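*Asks:* Pasting structure_3.pdb below, which is PDB, C-alpha atoms.
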```pdb
MODEL        1
ATOM      1  CA  MET A1453       0.000   0.000   0.000
ATOM      2  CA  TYR A1454       1.261   3.469  -0.887
ATOM      3  CA  ARG A1455       0.338   6.712   0.831
ATOM      4  CA  LYS A1456       0.856  10.211  -0.511
ATOM      5  CA  VAL A1457       3.656  12.170   1.164
ATOM      6  CA  ILE A1458       2.491  15.568   2.410
ATOM      7  CA  ASN A1459       5.036  18.186   1.351
ATOM      8  CA  PRO A1460       6.435  19.724   4.588
ATOM      9  CA  TRP A1461       7.975  22.668   2.730
ATOM     10  CA  LEU A1462       4.650  24.193   1.627
ATOM     11  CA  GLY A1463       4.259  27.704   2.990
ATOM     12  CA  LYS A1464       7.922  28.065   3.989
ATOM     13  CA  PRO A1465       9.407  31.409   2.886
ATOM     14  CA  GLY A1466      11.735  31.046  -0.100
ATOM     15  CA  TYR A1467      10.625  27.509  -0.994
ATOM     16  CA  ASN A1468      10.878  27.250  -4.797
ATOM     17  CA  CYS A1469      12.460  23.830  -5.455
ATOM     18  CA  ILE A1470      12.633  23.032  -9.170
ATOM     19  CA  GLY A1471      11.785  19.413  -8.395
ATOM     20  CA  CYS A1472       8.859  19.583  -5.997
ATOM     21  CA  SER A1473       7.563  23.106  -5.426
ATOM     22  CA  PRO A1474       4.025  23.383  -6.817
ATOM     23  CA  ASN A1475       4.546  27.132  -7.229
ATOM     24  CA  ASN A1476       7.716  27.104  -9.349
ATOM     25  CA  PRO A1477       6.517  28.069 -12.852
ATOM     26  CA  ILE A1478       9.266  26.061 -14.580
ATOM     27  CA  GLY A1479       9.460  23.271 -11.970
ATOM     28  CA  LEU A1480       8.490  19.624 -12.198
ATOM     29  CA  HIS A1481       5.886  19.834  -9.385
ATOM     30  CA  MET A1482       6.675  16.265  -8.312
ATOM     31  CA  GLN A1483       4.733  14.439  -5.623
ATOM     32  CA  PHE A1484       5.703  11.193  -3.937
ATOM     33  CA  TYR A1485       4.102   8.126  -2.400
ATOM     34  CA  ALA A1486       5.618   6.019   0.379
ATOM     35  CA  GLY A1487       5.261   2.254   0.670
ATOM     36  CA  ASP A1488       5.358   0.099   3.777
ATOM     37  CA  ASN A1489       8.546  -1.546   2.515
ATOM     38  CA  GLU A1490      10.543   1.725   2.440
ATOM     39  CA  THR A1491       9.950   2.198  -1.272
ATOM     40  CA  LEU A1492       9.187   5.659  -2.582
ATOM     41  CA  TRP A1493       7.305   6.196  -5.861
ATOM     42  CA  GLY A1494       6.611   9.290  -7.886
ATOM     43  CA  GLU A1495       4.929   9.988 -11.189
ATOM     44  CA  TRP A1496       5.617  12.814 -13.602
ATOM     45  CA  THR A1497       4.496  13.631 -17.115
ATOM     46  CA  PRO A1498       7.186  15.376 -19.164
ATOM     47  CA  GLY A1499       6.370  18.374 -21.327
ATOM     48  CA  HIS A1500       8.211  19.777 -24.314
ATOM     49  CA  ASP A1501       9.916  22.440 -22.173
ATOM     50  CA  TYR A1502      12.170  19.629 -20.878
ATOM     51  CA  GLN A1503      13.236  18.342 -24.286
ATOM     52  CA  GLY A1504      16.797  17.507 -25.232
ATOM     53  CA  TRP A1505      16.738  16.089 -28.744
ATOM     54  CA  VAL A1506      13.431  16.119 -30.644
ATOM     55  CA  ASP A1507      10.794  14.337 -28.503
ATOM     56  CA  VAL A1508      13.472  13.083 -26.049
ATOM     57  CA  LEU A1509      13.565  14.014 -22.358
ATOM     58  CA  HIS A1510      16.834  15.820 -21.560
ATOM     59  CA  GLY A1511      19.290  13.694 -19.572
ATOM     60  CA  GLY A1512      19.818  16.451 -17.007
ATOM     61  CA  ILE A1513      16.106  16.453 -16.215
ATOM     62  CA  GLN A1514      16.253  12.684 -15.798
ATOM     63  CA  SER A1515      19.109  13.123 -13.309
ATOM     64  CA  LEU A1516      17.115  15.799 -11.489
ATOM     65  CA  ILE A1517      14.220  13.365 -11.068
ATOM     66  CA  LEU A1518      16.520  10.652  -9.694
ATOM     67  CA  ASP A1519      18.151  13.082  -7.248
ATOM     68  CA  GLU A1520      14.798  14.505  -6.135
ATOM     69  CA  SER A1521      13.363  11.071  -5.417
ATOM     70  CA  ALA A1522      16.451  10.115  -3.376
ATOM     71  CA  GLU A1523      16.135  13.239  -1.215
ATOM     72  CA  TRP A1524      12.459  12.540  -0.610
ATOM     73  CA  TRP A1525      13.337   8.950   0.319
ATOM     74  CA  LEU A1526      15.688  10.359   2.970
ATOM     75  CA  ASN A1527      13.035  12.837   4.170
ATOM     76  CA  VAL A1528      10.353  10.170   4.514
ATOM     77  CA  PHE A1529      12.209   7.108   5.748
ATOM     78  CA  ARG A1530      15.094   8.644   7.714
ATOM     79  CA  LYS A1531      12.971  11.611   8.862
ATOM     80  CA  THR A1532      15.786  14.052   8.188
ATOM     81  CA  ALA A1533      17.185  16.293   5.468
ATOM     82  CA  GLY A1534      20.435  15.834   3.626
ATOM     83  CA  MET A1535      22.542  16.839   0.672
ATOM     84  CA  THR A1536      23.696  15.030  -2.425
ATOM     85  CA  VAL A1537      27.351  14.064  -2.179
ATOM     86  CA  LYS A1538      27.635  11.932  -5.297
ATOM     87  CA  MET A1539      25.383  10.589  -7.993
ATOM     88  CA  GLU A1540      26.185   8.052 -10.674
ATOM     89  CA  VAL A1541      23.629   7.834 -13.488
ATOM     90  CA  LYS A1542      23.200   5.219 -16.179
ATOM     91  CA  TYR A1543      21.013   5.911 -19.209
ATOM     92  CA  HIS A1544      19.556   2.625 -20.475
ATOM     93  CA  LYS A1545      17.200   3.891 -23.171
ATOM     94  CA  PRO A1546      15.771   7.215 -24.357
ATOM     95  CA  ILE A1547      12.620   8.578 -22.762
ATOM     96  CA  MET A1548      10.272   9.927 -25.374
ATOM     97  CA  LEU A1549       8.206  12.958 -24.375
ATOM     98  CA  SER A1550       5.285  11.550 -26.323
ATOM     99  CA  ASP A1551       5.249   8.411 -24.157
ATOM    100  CA  GLY A1552       3.298  10.098 -21.353
ATOM    101  CA  PRO A1553       3.666   9.594 -17.588
ATOM    102  CA  LEU A1554       6.923   8.338 -16.093
ATOM    103  CA  LYS A1555       7.398   6.587 -12.771
ATOM    104  CA  VAL A1556      10.370   7.007 -10.474
ATOM    105  CA  LYS A1557      11.242   4.573  -7.706
ATOM    106  CA  ALA A1558      13.713   5.121  -4.855
ATOM    107  CA  THR A1559      14.936   2.385  -2.528
ATOM    108  CA  PHE A1560      17.558   1.953   0.169
ATOM    109  CA  LEU A1561      20.876   0.342  -0.750
ATOM    110  CA  SER A1562      23.129   0.783   2.283
ATOM    111  CA  GLU A1563      24.281   3.147   4.981
ATOM    112  CA  LYS A1564      27.727   4.015   6.325
ATOM    113  CA  ARG A1565      27.916   6.465   9.206
ATOM    114  CA  ASN A1566      26.112   9.617   7.996
ATOM    115  CA  TYR A1567      26.039   8.515   4.343
ATOM    116  CA  VAL A1568      22.987   6.856   2.843
ATOM    117  CA  PHE A1569      23.170   5.094  -0.526
ATOM    118  CA  ILE A1570      19.893   5.193  -2.433
ATOM    119  CA  LYS A1571      18.954   3.553  -5.718
ATOM    120  CA  SER A1572      16.686   5.598  -7.995
ATOM    121  CA  GLU A1573      15.095   4.252 -11.159
ATOM    122  CA  LEU A1574      13.076   5.978 -13.862
ATOM    123  CA  TYR A1575      10.558   3.956 -15.894
ATOM    124  CA  ASN A1576       8.576   4.820 -18.999
ATOM    125  CA  ASN A1577       4.823   4.224 -19.219
ATOM    126  CA  ARG A1578       5.436   0.663 -20.468
ATOM    127  CA  GLY A1579       7.312  -0.192 -17.261
ATOM    128  CA  GLU A1580      10.706  -0.299 -18.990
ATOM    129  CA  LEU A1581      13.729   0.867 -16.997
ATOM    130  CA  CYS A1582      15.133   3.890 -18.835
ATOM    131  CA  THR A1583      17.476   5.554 -16.341
ATOM    132  CA  SER A1584      18.968   4.429 -13.043
ATOM    133  CA  GLY A1585      21.256   5.953 -10.504
ATOM    134  CA  GLU A1586      22.990   5.456  -7.215
ATOM    135  CA  VAL A1587      22.726   8.579  -5.130
ATOM    136  CA  VAL A1588      24.871   9.134  -2.052
ATOM    137  CA  TYR A1589      23.392  11.483   0.524
ATOM    138  CA  PHE A1590      24.964  12.967   3.610
ATOM    139  CA  GLN A1591      22.153  12.891   6.140
ATOM    140  CA  PHE A1592      21.971  15.788   8.540
ATOM    141  CA  THR A1593      21.064  15.357  12.165
ATOM    142  CA  LYS A1594      17.436  16.030  12.994
ATOM    143  CA  GLU A1595      18.566  19.120  14.938
ATOM    144  CA  LYS A1596      20.469  20.553  11.949
ATOM    145  CA  SER A1597      17.588  19.662   9.626
ATOM    146  CA  LEU A1598      15.216  21.660  11.800
ATOM    147  CA  ASN A1599      17.455  24.590  12.689
ATOM    148  CA  ASP A1600      19.166  25.156   9.338
ATOM    149  CA  PHE A1601      16.517  23.994   6.875
ATOM    150  CA  GLY A1602      13.218  24.170   8.745
ATOM    151  CA  PHE A1603      12.596  20.466   8.159
ATOM    152  CA  THR A1604       9.938  19.322  10.609
ATOM    153  CA  GLY A1605       9.375  15.854   9.167
ATOM    154  CA  CYS A1606       7.084  14.274   6.608
ATOM    155  CA  GLN A1607       3.530  13.150   7.177
ATOM    156  CA  LEU A1608       1.620  10.669   5.045
ATOM    157  CA  GLU A1609      -2.009  10.971   4.006
ATOM    158  CA  ASP A1610      -4.367   8.405   5.491
TER     159      ASP A1610
ENDMDL
END
```
Starting from the file, give its structure as structure tokens.
*Replies:*
Amino acid sequence: MYRKVINPWLGKPGYNCIGCSPNNPIGLHMQFYAGDNETLWGEWTPGHDYQGWVDVLHGGIQSLILDESAEWWLNVFRKTAGMTVKMEVKYHKPIMLSDGPLKVKATFLSEKRNYVFIKSELYNNRGELCTSGEVVYFQFTKEKSLNDFGFTGCQLED
């Protein structure tokens, strides 16, 4: 079962994330859903403003989606904020803009001290893996997350 993640940043002054802010006019406006098995899912429909080659989703936007889903995984399942330290991306096949909605999946790989390794995968509307990445996040303490970034935690809809 998956439950929608309630965006804790809504209403915070200066919040304009290109990945998830619903108010960023050029943003992706992504939303995420958390599973009981620590799996995070998101769905996004690309538009032509994010084109690389004709009818192909730009690789940088694909990387943005992978990174965004990894951060939200950390927010939801570690209940803290963090920062990307490293990301390795593999492009398996082109994503056509005309294909419609994409799904992104983020799952836990491992953890070493304050570093969390997260696997992110981007699928086309036929369920084919198009892009994958391993994202390394430095996870902040809950105190730093609150004091420096105003992160109060993530709630899930019932």
*Asks:* Taking all atoms listed in the file into account, name the residue in A:Ser1597, A:Asn1475, A:Thr1583, A:Gln1591 that is nearest to Leu1516 (chain A).
*Replies:*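 Counting all atoms listed in the file, the residue closest to Leu1516 (chain A) is A:Thr1583.
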*Asks:* What's the 9 Å shell around region 1566-1576 of chain A, counting all atoms listed in the file, without same-chain residues fewer than 6 positions away, as a count of residues only?
*Replies:* 34
*Asks:* Calculate how many Å separate CA of His1544 (chain A) from CA of Cys1469 (chain A), rounding to one decimal.
*Replies:* 26.9 Å
*Asks:* What is the distance between CA of Pro1477 (chain A) and CA of Trp1493 (chain A), in Å to one decimal?
*Replies:*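 Answer for the CA of Pro1477 (chain A) to CA of Trp1493 (chain A) separation: 23.0 Å.
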*Asks:* For Thr1491 (chain A), which residue among A:Arg1455, A:Lys1545, A:Arg1578, A:Lys1596 is the nearest when counting only C-alpha atoms?
*Replies:*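 Ranking A:Arg1455, A:Lys1545, A:Arg1578, A:Lys1596 by distance to Thr1491 (chain A), first place goes to A:Arg1455.
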*Asks:* What separation in Å, quoted to one decimal, exists between CA of Leu1561 (chain A) and CA of Gly1605 (chain A)?
*Replies:*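 It comes out at 21.7 Å.
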*Asks:* Where does the PyMOL selection byres ((chain A and resi 1501) around 12) land in this file, that is, which residues does it pick, as a ChimeraX atom specification?
*Replies:* /A:1477-1480,1497-1500,1502-1510,1513,1549
*Asks:* Looking at A:Glu1520, A:Glu1609, A:Ser1515, A:Pro1460, which one is nearest to Cys1472 (chain A), with distances taken over only C-alpha atoms?
*Replies:*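 Ranking A:Glu1520, A:Glu1609, A:Ser1515, A:Pro1460 by distance to Cys1472 (chain A), first place goes to A:Glu1520.
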